[in-house]
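This report refers to the structure that appears directly beneath it.
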Amino acid sequence: MDIIPPLSSFNDPTSSTEDKLAAFDAVPLFMKSLPSELGGTSDFSASSSIPPREGETNPSDTLAALQALAYEGDPSEIAQGFREQGNELFKQRKFRDAMGFYARAIEEVGKELSIRERRTLFSNRAACNLELANYGACLRDCSQVLQQQPPTSDEDDPSAVLSDHKTTMKALLRSARALLGLEKLPEALDALERLKSLEGEGEDVGKQYRETVQEKMRVKRGKELEKVEKERRLREGNESMVQALKLRGVVFPRPTTRIPLFHHCPTDVTPPHFEPSSLPATSSPSIPDYAPLNPSPSATTAPYVPWVAPPPSSPLVFPIFLLLPLARPQPTRDLCLEFDERATFHDLLESMDHSPASLELYFSTHLGRVLKIGGKLTLGKVLEMASRPRQGQKAGEKNDGWELKEGWVLEMVGIPKGDERGEEWIKEWKEEVKNGTRAIL
């Protein structure tokens, strides 16, 4: 008995989807109730607890008997019927429905089939799972195909042996595609290489996927190298910066894992840094993060030279606040984003639109001294002067220095020349600084 009649609406290409689905109701295997000619009009219901009257056929028993006919014949014939219907649905891209037929054949008669037949069913179900992006299930089905290799001998049908070979190749390709979907790139490449080893000369059905896998691996490797290199540059660059600040006597918080260097610097301000145009070529930020991966054999570019942290003696650039406590109508605070240590304070005032002849500049040191700044002095010179040993300083005592406020910015005070309030303000400020009060407006 055919599982599905060959001339049913299901097989008619002109039938609508609704007609094809309705056709299943005419097939005993898929019937939910009996048709009228087989007693389906009886008042008895399969779910009823009332037994049939004498002489009346139990529709439930009849339906079960008819469904049993669908399994008449040997297991190969039954599996073939399921597989053919699954194939038909697969061609219509109804992958979930097709998978149901293959699964039914495996579950119902799979143990009684030959290895070759089982492999075909698992291979077909793997194809459905792949189309549905069920990558894990696809890999499990492909594993069944690859683990169950049928025995071969000289007496075997050559066409059957060739079919087995193609089934193996399909399983490898589908495994590779599923692994690619799961981003398991090395495993996918391994499956594709195994596939290539089974192909004849000139064949390469996995070429497209192998190129995709290799490109993804190249991009992934590049990102990994870039991440490692960025972390190295940050770490070694910070170490060099710490040495540079110490070399100049600048006072700043000791970096820690929780509070790294310049942690409190606003995101829109560049903290103290090495002046870019003065860096050696080996410390240029334009150096790629890693050497080219798989460079072309014909490449004529110079060998890749890794980035090296700038020497601590390289020129530094600082952000600096200019506090104007006596400005009218109210105190102000101006920020210069970049003050090169080689520039003078006259240069600084002019860049901030202040007349060097109109202001006297002061700053407070880490240990509470207030020092006056000569306009013709460079920032580097003032930093060095602030960190000199103090008169009467005892051995082992810390040197003084210009402190980075909040760990990222220098701060100085500008007092208008000739302002009668200036001298008094400076005197009061010195006392406040000595007592630990900062110059805050």
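By convention here, the chains of the structure tokens are called A, B, ... in the order presented, each chain's residues are numbered starting at 1, and ligands are numbered starting at 1 in the order presented.
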
Might you pull out every residue within 10 Å of Ile320 in chain A, with only C-alpha atoms counted and same-chain residues fewer than 6 positions away left off, and present them as a compact mmCIF listing (two decimals) with all heavy atoms, in the first residue's frame?
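Final output, saved to selection12.txt:
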```txt
# COMPACT_ATOMS: atom_id res chain seq x y z
N PRO A 271 45.18 64.64 28.12
CA PRO A 271 46.04 64.80 29.31
C PRO A 271 47.49 65.02 28.88
O PRO A 271 47.80 65.02 27.69
CB PRO A 271 45.86 63.46 30.03
CG PRO A 271 45.51 62.50 28.95
CD PRO A 271 44.69 63.26 27.96
N PRO A 272 48.40 65.23 29.82
CA PRO A 272 49.81 65.39 29.46
C PRO A 272 50.26 64.28 28.50
O PRO A 272 49.95 63.11 28.71
CB PRO A 272 50.53 65.30 30.81
CG PRO A 272 49.52 65.84 31.79
CD PRO A 272 48.20 65.35 31.29
N ASP A 334 40.63 80.17 32.93
CA ASP A 334 40.83 79.84 31.51
C ASP A 334 41.68 78.58 31.41
O ASP A 334 42.59 78.35 32.22
CB ASP A 334 41.54 80.99 30.78
CG ASP A 334 40.72 82.27 30.79
OD1 ASP A 334 39.49 82.16 30.95
OD2 ASP A 334 41.32 83.36 30.64
N LEU A 335 41.38 77.78 30.40
CA LEU A 335 42.12 76.54 30.18
C LEU A 335 42.88 76.60 28.86
O LEU A 335 42.29 76.85 27.81
CB LEU A 335 41.17 75.33 30.16
CG LEU A 335 41.80 73.97 29.79
CD1 LEU A 335 42.85 73.56 30.83
CD2 LEU A 335 40.73 72.90 29.65
N CYS A 336 44.18 76.37 28.92
CA CYS A 336 44.98 76.18 27.72
C CYS A 336 45.16 74.68 27.54
O CYS A 336 45.70 74.00 28.42
CB CYS A 336 46.35 76.87 27.85
SG CYS A 336 47.45 76.53 26.45
N LEU A 337 44.68 74.15 26.42
CA LEU A 337 44.68 72.70 26.23
C LEU A 337 46.08 72.14 26.01
O LEU A 337 46.35 70.99 26.38
CB LEU A 337 43.78 72.33 25.05
CG LEU A 337 42.28 72.60 25.24
CD1 LEU A 337 41.53 72.35 23.95
CD2 LEU A 337 41.73 71.72 26.35
N GLU A 338 46.97 72.92 25.40
CA GLU A 338 48.29 72.39 25.08
C GLU A 338 49.36 73.44 25.35
O GLU A 338 49.42 74.47 24.68
CB GLU A 338 48.36 71.93 23.62
CG GLU A 338 47.42 70.76 23.31
CD GLU A 338 47.74 70.12 21.96
OE1 GLU A 338 48.48 70.75 21.17
OE2 GLU A 338 47.25 69.01 21.70
N PHE A 339 50.20 73.18 26.33
CA PHE A 339 51.30 74.07 26.69
C PHE A 339 52.58 73.25 26.58
O PHE A 339 52.89 72.42 27.44
CB PHE A 339 51.11 74.62 28.11
CG PHE A 339 52.12 75.63 28.53
CD1 PHE A 339 52.96 76.28 27.62
CD2 PHE A 339 52.26 75.96 29.87
CE1 PHE A 339 53.90 77.21 28.03
CE2 PHE A 339 53.19 76.89 30.30
CZ PHE A 339 54.02 77.52 29.37
N LEU A 348 52.58 81.52 26.31
CA LEU A 348 51.31 80.98 26.81
C LEU A 348 50.26 82.09 26.95
O LEU A 348 49.13 81.95 26.48
CB LEU A 348 51.52 80.30 28.16
CG LEU A 348 50.25 79.87 28.91
CD1 LEU A 348 49.53 78.76 28.14
CD2 LEU A 348 50.58 79.41 30.33
N LEU A 404 50.19 68.06 39.58
CA LEU A 404 49.06 67.96 38.63
C LEU A 404 47.77 67.93 39.44
O LEU A 404 47.51 66.97 40.17
CB LEU A 404 49.17 66.68 37.78
CG LEU A 404 50.25 66.65 36.70
CD1 LEU A 404 50.28 65.29 36.02
CD2 LEU A 404 50.00 67.74 35.65
N LYS A 405 46.99 68.98 39.34
CA LYS A 405 45.71 69.01 40.07
C LYS A 405 44.77 67.96 39.49
O LYS A 405 44.66 67.80 38.27
CB LYS A 405 45.07 70.40 39.96
CG LYS A 405 45.97 71.53 40.45
CD LYS A 405 46.32 71.37 41.93
CE LYS A 405 47.18 72.54 42.40
NZ LYS A 405 47.57 72.43 43.82
N TRP A 408 45.83 65.54 36.46
CA TRP A 408 45.94 65.69 35.01
C TRP A 408 46.26 67.11 34.53
O TRP A 408 46.63 67.30 33.36
CB TRP A 408 44.64 65.24 34.34
CG TRP A 408 43.43 66.09 34.67
CD1 TRP A 408 42.63 65.95 35.75
CD2 TRP A 408 42.93 67.21 33.93
NE1 TRP A 408 41.64 66.90 35.75
CE2 TRP A 408 41.78 67.69 34.63
CE3 TRP A 408 43.29 67.85 32.76
CZ2 TRP A 408 41.03 68.76 34.20
CZ3 TRP A 408 42.54 68.93 32.31
CH2 TRP A 408 41.42 69.38 33.03
N VAL A 409 46.16 68.16 35.37
CA VAL A 409 46.31 69.52 34.86
C VAL A 409 47.17 70.37 35.80
O VAL A 409 47.10 70.23 37.03
CB VAL A 409 44.93 70.19 34.68
CG1 VAL A 409 44.21 70.38 36.01
CG2 VAL A 409 45.03 71.52 33.93
N LEU A 410 48.02 71.21 35.22
CA LEU A 410 48.76 72.20 36.00
C LEU A 410 47.86 73.40 36.27
O LEU A 410 46.90 73.64 35.52
CB LEU A 410 50.01 72.65 35.24
CG LEU A 410 51.07 71.57 34.98
CD1 LEU A 410 52.18 72.14 34.10
CD2 LEU A 410 51.63 71.02 36.28
N GLU A 411 48.17 74.17 37.32
CA GLU A 411 47.31 75.28 37.70
C GLU A 411 48.19 76.46 38.16
O GLU A 411 49.13 76.27 38.94
CB GLU A 411 46.38 74.83 38.83
CG GLU A 411 45.31 75.81 39.21
CD GLU A 411 44.38 75.22 40.26
OE1 GLU A 411 44.77 75.22 41.45
OE2 GLU A 411 43.30 74.74 39.90
N MET A 412 47.89 77.65 37.66
CA MET A 412 48.63 78.85 38.08
C MET A 412 47.65 80.01 38.27
O MET A 412 46.51 79.95 37.80
CB MET A 412 49.70 79.22 37.05
CG MET A 412 49.16 79.59 35.68
SD MET A 412 50.49 79.97 34.53
CE MET A 412 49.53 80.35 33.05
```

Might you pull out every residue within 7 Å of range 383-389 of chain A, with only C-alpha atoms counted and same-chain residues fewer than 6 positions away left off, and present them as a PyMOL selection string?
chain A and resi 248-250+399-402

Those same residues - N, CA and C atoms - I'd like them written as a PDB file, in the first residue's frame.
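selection-v9.pdb was written with the following content:
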```pdb
ATOM      1  N   ARG A 248      60.945  65.216  35.354  1.00  0.00           N
ATOM      2  CA  ARG A 248      60.741  66.658  35.410  1.00  0.00           C
ATOM      3  C   ARG A 248      60.301  67.135  36.801  1.00  0.00           C
ATOM      4  N   GLY A 249      60.203  66.224  37.745  1.00  0.00           N
ATOM      5  CA  GLY A 249      59.821  66.600  39.093  1.00  0.00           C
ATOM      6  C   GLY A 249      58.349  66.893  39.267  1.00  0.00           C
ATOM      7  N   VAL A 250      57.519  66.492  38.317  1.00  0.00           N
ATOM      8  CA  VAL A 250      56.079  66.727  38.422  1.00  0.00           C
ATOM      9  C   VAL A 250      55.502  65.782  39.467  1.00  0.00           C
ATOM     10  N   ASN A 399      61.533  65.651  47.530  1.00  0.00           N
ATOM     11  CA  ASN A 399      61.661  66.913  46.822  1.00  0.00           C
ATOM     12  C   ASN A 399      60.282  67.497  46.592  1.00  0.00           C
ATOM     13  N   ASP A 400      60.224  68.795  46.418  1.00  0.00           N
ATOM     14  CA  ASP A 400      58.972  69.472  46.102  1.00  0.00           C
ATOM     15  C   ASP A 400      58.730  69.362  44.589  1.00  0.00           C
ATOM     16  N   GLY A 401      57.663  69.928  44.111  1.00  0.00           N
ATOM     17  CA  GLY A 401      57.390  69.934  42.670  1.00  0.00           C
ATOM     18  C   GLY A 401      56.037  70.531  42.362  1.00  0.00           C
ATOM     19  N   TRP A 402      55.845  70.826  41.067  1.00  0.00           N
ATOM     20  CA  TRP A 402      54.562  71.355  40.606  1.00  0.00           C
ATOM     21  C   TRP A 402      53.610  70.176  40.482  1.00  0.00           C
TER      22      TRP A 402
END
```

Point-to-point distance in Å for CA of Thr282 in chain A and CA of Val308 in chain A
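These two atoms are separated by 5.6 Å.
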
Would you work out the distance separating CA of Phe363 in chain A from CA of Thr378 in chain A, expressed in Å to one decimal?
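The value is 14.2 Å.
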
What's the 10 Å shell around Asp190 in chain A, counting only C-alpha atoms, without same-chain residues fewer than 4 positions away, as a PyMOL selection string?
chain A and resi 172+176+185-186+194-196+210

Could you pull out the alpha helix (DSSP H) residues of range 130-287 of chain A, going by DSSP on the backbone, and write them as a ChimeraX atom specification?
/A:130-131,135-147,158-181,185-198,207-247

Using only C-alpha atoms, find the one residue out of A:Cys142, A:Leu361, A:Ala395, A:Val370 that sits nearest to Lys417 in chain A.
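Answer, going by the shortest atom-to-atom distance: A:Leu361.
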
Could you jot down the CA of Glu397 in chain A to CA of Val433 in chain A separation for me, Å, one decimal place?
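Interatomic distance here is 19.8 Å.
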
Between A:Ala327, A:Leu146, A:Val269, A:Leu179, which one has atoms that come closest to Lys166 in chain A, using only C-alpha atoms?
A:Leu146

Name all residues at most 9 Å from Ala103 in chain A (count only C-alpha atoms; drop same-chain ones fewer than 2 positions away) and give them as a compact mmCIF listing (two decimals) with C-alpha atoms, in the first residue's frame.
```
# COMPACT_ATOMS: atom_id res chain seq x y z
CA PHE A 82 9.03 8.70 3.67
CA ALA A 98 10.59 17.64 4.88
CA MET A 99 12.63 17.12 8.02
CA GLY A 100 9.58 15.54 9.65
CA PHE A 101 9.46 12.82 6.99
CA ALA A 105 11.78 7.17 8.74
CA ILE A 106 14.78 7.22 11.09
CA GLU A 107 12.62 6.78 14.18
CA GLU A 108 10.24 4.14 12.81
CA LEU A 121 18.32 9.77 5.74
CA PHE A 122 20.68 11.50 8.18
CA ARG A 125 17.83 15.65 7.55
```

From the list A:Pro75, A:Ser159, A:Glu406, A:Glu199, the nearest residue to Lys111 in chain A using only C-alpha atoms is A:Pro75

Near Arg233 in chain A, within 12 Å and counting only C-alpha atoms, which residues show up once chain neighbours fewer than 6 positions away are dropped, as an NGL selection string?
:A and (226-227 or 239-241 or 283-285 or 287-290 or 306-310)

Write a file of the selected residues as a CSV table (one decimal), in the first residue's frame, keeping all heavy atoms.
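New file selection_2.csv:
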```csv
chain,number,residue,atom,x,y,z
A,226,GLU,N,45.4,43.3,17.2
A,226,GLU,CA,45.2,44.7,17.4
A,226,GLU,C,44.9,45.0,18.9
A,226,GLU,O,45.4,45.9,19.5
A,226,GLU,CB,44.0,45.2,16.6
A,226,GLU,CG,43.7,46.7,16.7
A,226,GLU,CD,42.6,47.1,15.9
A,226,GLU,OE1,42.1,46.4,15.0
A,226,GLU,OE2,42.2,48.3,16.0
A,227,LYS,N,44.0,44.1,19.5
A,227,LYS,CA,43.7,44.3,20.9
A,227,LYS,C,44.9,44.2,21.8
A,227,LYS,O,45.2,45.0,22.7
A,227,LYS,CB,42.6,43.3,21.3
A,227,LYS,CG,42.2,43.4,22.8
A,227,LYS,CD,41.2,42.3,23.2
A,227,LYS,CE,40.9,42.4,24.6
A,227,LYS,NZ,39.9,41.3,25.0
A,239,GLU,N,54.0,53.7,31.1
A,239,GLU,CA,55.2,53.6,31.9
A,239,GLU,C,56.3,54.6,31.5
A,239,GLU,O,56.9,55.2,32.4
A,239,GLU,CB,55.8,52.2,31.7
A,239,GLU,CG,55.0,51.1,32.3
A,239,GLU,CD,55.4,49.7,31.9
A,239,GLU,OE1,56.4,49.6,31.1
A,239,GLU,OE2,54.9,48.7,32.4
A,240,SER,N,56.4,54.9,30.2
A,240,SER,CA,57.3,55.9,29.8
A,240,SER,C,56.9,57.3,30.2
A,240,SER,O,57.7,58.1,30.6
A,240,SER,CB,57.4,55.9,28.2
A,240,SER,OG,58.3,56.8,27.7
A,241,MET,N,55.5,57.6,30.2
A,241,MET,CA,55.0,58.9,30.7
A,241,MET,C,55.3,59.1,32.2
A,241,MET,O,55.7,60.2,32.6
A,241,MET,CB,53.5,59.0,30.4
A,241,MET,CG,52.9,60.2,30.9
A,241,MET,SD,53.6,61.7,30.3
A,241,MET,CE,53.1,61.6,28.6
A,283,SER,N,58.3,55.5,17.4
A,283,SER,CA,57.3,55.7,18.4
A,283,SER,C,56.1,56.4,17.7
A,283,SER,O,55.1,56.8,18.4
A,283,SER,CB,57.8,56.6,19.5
A,283,SER,OG,58.8,56.0,20.2
A,284,SER,N,56.0,56.4,16.4
A,284,SER,CA,54.9,57.1,15.7
A,284,SER,C,53.6,56.3,15.9
A,284,SER,O,53.6,55.1,15.7
A,284,SER,CB,55.3,57.2,14.2
A,284,SER,OG,54.1,57.6,13.5
A,285,PRO,N,52.5,57.0,16.2
A,285,PRO,CA,51.3,56.3,16.4
A,285,PRO,C,50.7,55.8,15.0
A,285,PRO,O,49.8,55.0,15.0
A,285,PRO,CB,50.3,57.4,16.9
A,285,PRO,CG,51.0,58.7,16.5
A,285,PRO,CD,52.4,58.5,16.5
A,287,ILE,N,52.3,53.8,13.1
A,287,ILE,CA,52.8,52.4,12.9
A,287,ILE,C,51.6,51.5,13.0
A,287,ILE,O,50.9,51.5,14.0
A,287,ILE,CB,53.9,52.1,13.8
A,287,ILE,CG1,55.1,52.9,13.6
A,287,ILE,CG2,54.3,50.6,13.7
A,287,ILE,CD1,56.3,52.7,14.5
A,288,PRO,N,51.3,50.6,12.0
A,288,PRO,CA,50.2,49.6,12.2
A,288,PRO,C,50.3,48.8,13.4
A,288,PRO,O,51.4,48.6,14.0
A,288,PRO,CB,50.4,48.7,10.9
A,288,PRO,CG,51.2,49.6,9.9
A,288,PRO,CD,52.1,50.4,10.8
A,289,ASP,N,49.2,48.3,13.9
A,289,ASP,CA,49.2,47.6,15.1
A,289,ASP,C,49.8,46.2,15.0
A,289,ASP,O,50.2,45.6,16.0
A,289,ASP,CB,47.7,47.4,15.6
A,289,ASP,CG,47.1,48.7,16.1
A,289,ASP,OD1,47.9,49.5,16.8
A,289,ASP,OD2,45.9,49.0,15.8
A,290,TYR,N,49.9,45.7,13.8
A,290,TYR,CA,50.5,44.4,13.6
A,290,TYR,C,51.1,44.3,12.2
A,290,TYR,O,50.6,45.0,11.3
A,290,TYR,CB,49.6,43.2,13.9
A,290,TYR,CG,48.3,43.3,13.2
A,290,TYR,CD1,48.1,42.7,11.9
A,290,TYR,CD2,47.2,44.0,13.7
A,290,TYR,CE1,46.9,42.8,11.2
A,290,TYR,CE2,46.0,44.1,13.0
A,290,TYR,CZ,45.9,43.5,11.8
A,290,TYR,OH,44.7,43.6,11.1
A,306,PRO,N,58.1,47.1,14.8
A,306,PRO,CA,57.1,47.3,15.9
A,306,PRO,C,57.3,48.6,16.5
A,306,PRO,O,58.3,49.3,16.5
A,306,PRO,CB,57.5,46.2,16.9
A,306,PRO,CG,58.3,45.2,16.1
A,306,PRO,CD,59.0,46.0,15.0
A,307,TRP,N,56.2,49.1,17.1
A,307,TRP,CA,56.1,50.4,17.8
A,307,TRP,C,56.9,50.3,19.1
A,307,TRP,O,56.9,49.2,19.8
A,307,TRP,CB,54.7,50.7,18.1
A,307,TRP,CG,54.5,52.0,18.9
A,307,TRP,CD1,54.3,53.2,18.4
A,307,TRP,CD2,54.3,52.1,20.3
A,307,TRP,NE1,54.1,54.1,19.4
A,307,TRP,CE2,54.1,53.5,20.6
A,307,TRP,CE3,54.4,51.2,21.4
A,307,TRP,CZ2,54.0,54.0,21.9
A,307,TRP,CZ3,54.3,51.7,22.7
A,307,TRP,CH2,54.0,53.1,22.9
A,308,VAL,N,57.6,51.3,19.5
A,308,VAL,CA,58.4,51.4,20.7
A,308,VAL,C,57.9,52.7,21.5
A,308,VAL,O,57.7,53.7,20.9
A,308,VAL,CB,59.9,51.5,20.4
A,308,VAL,CG1,60.7,51.7,21.7
A,308,VAL,CG2,60.4,50.3,19.6
A,309,ALA,N,57.8,52.5,22.8
A,309,ALA,CA,57.4,53.7,23.6
A,309,ALA,C,58.3,54.8,23.5
A,309,ALA,O,59.5,54.6,23.4
A,309,ALA,CB,57.3,53.2,25.1
A,310,PRO,N,57.8,56.1,23.5
A,310,PRO,CA,58.7,57.2,23.4
A,310,PRO,C,59.7,57.3,24.5
A,310,PRO,O,59.4,56.9,25.7
A,310,PRO,CB,57.7,58.4,23.5
A,310,PRO,CG,56.4,57.9,23.1
A,310,PRO,CD,56.4,56.4,23.6
```

Leaving out Lys94 in chain A and any residue of its chain fewer than 5 positions from it, which residues lie within 10 Å of it when counting only C-alpha atoms, given as a PyMOL selection string?
chain A and resi 86-89+99+128+131-132

Serialized selection, all heavy atoms, as a CSV table (one decimal), in the first residue's frame:
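Writing done, so here's selection.csv:
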```csv
chain,number,residue,atom,x,y,z
A,86,GLY,N,9.7,13.5,1.7
A,86,GLY,CA,10.6,14.5,2.2
A,86,GLY,C,11.3,15.2,1.1
A,86,GLY,O,11.5,16.5,1.2
A,87,ASN,N,11.8,14.5,0.1
A,87,ASN,CA,12.5,15.1,-1.0
A,87,ASN,C,11.6,16.1,-1.7
A,87,ASN,O,12.0,17.2,-2.2
A,87,ASN,CB,13.0,14.0,-2.0
A,87,ASN,CG,14.1,13.2,-1.3
A,87,ASN,OD1,14.7,13.5,-0.3
A,87,ASN,ND2,14.5,12.1,-2.0
A,88,GLU,N,10.3,15.7,-1.9
A,88,GLU,CA,9.4,16.6,-2.6
A,88,GLU,C,9.2,17.9,-1.9
A,88,GLU,O,9.2,19.0,-2.5
A,88,GLU,CB,8.1,15.8,-2.8
A,88,GLU,CG,7.0,16.6,-3.6
A,88,GLU,CD,7.4,16.8,-5.0
A,88,GLU,OE1,8.2,16.0,-5.6
A,88,GLU,OE2,7.0,17.8,-5.6
A,89,LEU,N,9.0,17.8,-0.6
A,89,LEU,CA,8.9,19.0,0.3
A,89,LEU,C,10.1,19.8,0.3
A,89,LEU,O,10.1,21.1,0.3
A,89,LEU,CB,8.5,18.6,1.7
A,89,LEU,CG,7.1,18.1,1.9
A,89,LEU,CD1,6.9,17.4,3.2
A,89,LEU,CD2,6.1,19.2,1.7
A,99,MET,N,11.9,17.7,6.9
A,99,MET,CA,12.6,17.1,8.0
A,99,MET,C,11.8,16.1,8.8
A,99,MET,O,12.3,15.1,9.3
A,99,MET,CB,13.2,18.2,8.9
A,99,MET,CG,14.1,17.8,10.0
A,99,MET,SD,14.9,19.1,10.9
A,99,MET,CE,13.5,20.1,11.5
A,128,CYS,N,18.2,19.7,5.8
A,128,CYS,CA,17.0,20.5,6.3
A,128,CYS,C,17.5,21.4,7.5
A,128,CYS,O,17.2,22.6,7.6
A,128,CYS,CB,15.9,19.6,6.7
A,128,CYS,SG,15.1,18.7,5.4
A,131,GLU,N,19.5,24.4,6.4
A,131,GLU,CA,18.6,25.5,5.8
A,131,GLU,C,17.9,26.2,6.9
A,131,GLU,O,17.6,27.4,6.7
A,131,GLU,CB,17.7,24.9,4.8
A,131,GLU,CG,18.3,24.3,3.5
A,131,GLU,CD,19.0,25.4,2.7
A,131,GLU,OE1,18.6,26.5,2.8
A,131,GLU,OE2,19.8,25.0,1.8
A,132,LEU,N,17.5,25.5,7.9
A,132,LEU,CA,16.8,26.2,9.0
A,132,LEU,C,17.7,26.8,10.1
A,132,LEU,O,17.2,27.3,11.1
A,132,LEU,CB,15.9,25.1,9.7
A,132,LEU,CG,14.7,24.5,8.9
A,132,LEU,CD1,14.1,23.3,9.5
A,132,LEU,CD2,13.7,25.6,8.6
```

All strand (DSSP E) residues (DSSP, backbone) inside range 94-332 of chain A, as a list in words
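Filtering range 94-332 of chain A to strand (DSSP E) leaves His273, Phe274, Leu316, Val317, Phe318, Pro319, Ile320, Phe321, Leu322, Leu323, Leu324 and Thr332 of chain A.
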
File dump, residues just selected, N, CA and C atoms, as a JSON list (two decimals), in the first residue's frame:
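Output contents, as saved in selection-v8.json:
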```json
[["chain", "number", "residue", "atom", "x", "y", "z"],
["A", 273, "HIS", "N", 50.99, 64.66, 27.47],
["A", 273, "HIS", "CA", 51.39, 63.70, 26.45],
["A", 273, "HIS", "C", 52.69, 64.13, 25.78],
["A", 274, "PHE", "N", 53.30, 63.21, 25.08],
["A", 274, "PHE", "CA", 54.51, 63.51, 24.32],
["A", 274, "PHE", "C", 54.12, 64.30, 23.07],
["A", 316, "LEU", "N", 57.29, 67.16, 26.36],
["A", 316, "LEU", "CA", 55.93, 66.95, 26.87],
["A", 316, "LEU", "C", 55.05, 68.17, 26.61],
["A", 317, "VAL", "N", 53.76, 67.90, 26.53],
["A", 317, "VAL", "CA", 52.74, 68.95, 26.39],
["A", 317, "VAL", "C", 51.74, 68.76, 27.52],
["A", 318, "PHE", "N", 51.39, 69.88, 28.21],
["A", 318, "PHE", "CA", 50.48, 69.82, 29.36],
["A", 318, "PHE", "C", 49.25, 70.70, 29.11],
["A", 319, "PRO", "N", 48.09, 70.30, 29.64],
["A", 319, "PRO", "CA", 46.99, 71.26, 29.78],
["A", 319, "PRO", "C", 47.25, 72.10, 31.03],
["A", 320, "ILE", "N", 46.85, 73.37, 31.04],
["A", 320, "ILE", "CA", 47.11, 74.22, 32.20],
["A", 320, "ILE", "C", 45.98, 75.21, 32.40],
["A", 321, "PHE", "N", 45.57, 75.38, 33.66],
["A", 321, "PHE", "CA", 44.55, 76.36, 34.04],
["A", 321, "PHE", "C", 45.23, 77.68, 34.44],
["A", 322, "LEU", "N", 44.65, 78.79, 34.01],
["A", 322, "LEU", "CA", 45.04, 80.12, 34.46],
["A", 322, "LEU", "C", 43.90, 80.68, 35.28],
["A", 323, "LEU", "N", 44.11, 80.80, 36.60],
["A", 323, "LEU", "CA", 43.09, 81.32, 37.51],
["A", 323, "LEU", "C", 43.28, 82.83, 37.63],
["A", 324, "LEU", "N", 42.19, 83.58, 37.47],
["A", 324, "LEU", "CA", 42.21, 85.04, 37.57],
["A", 324, "LEU", "C", 41.27, 85.46, 38.70],
["A", 332, "THR", "N", 37.61, 84.39, 37.09],
["A", 332, "THR", "CA", 37.48, 83.48, 35.94],
["A", 332, "THR", "C", 38.59, 82.44, 35.98]]
```
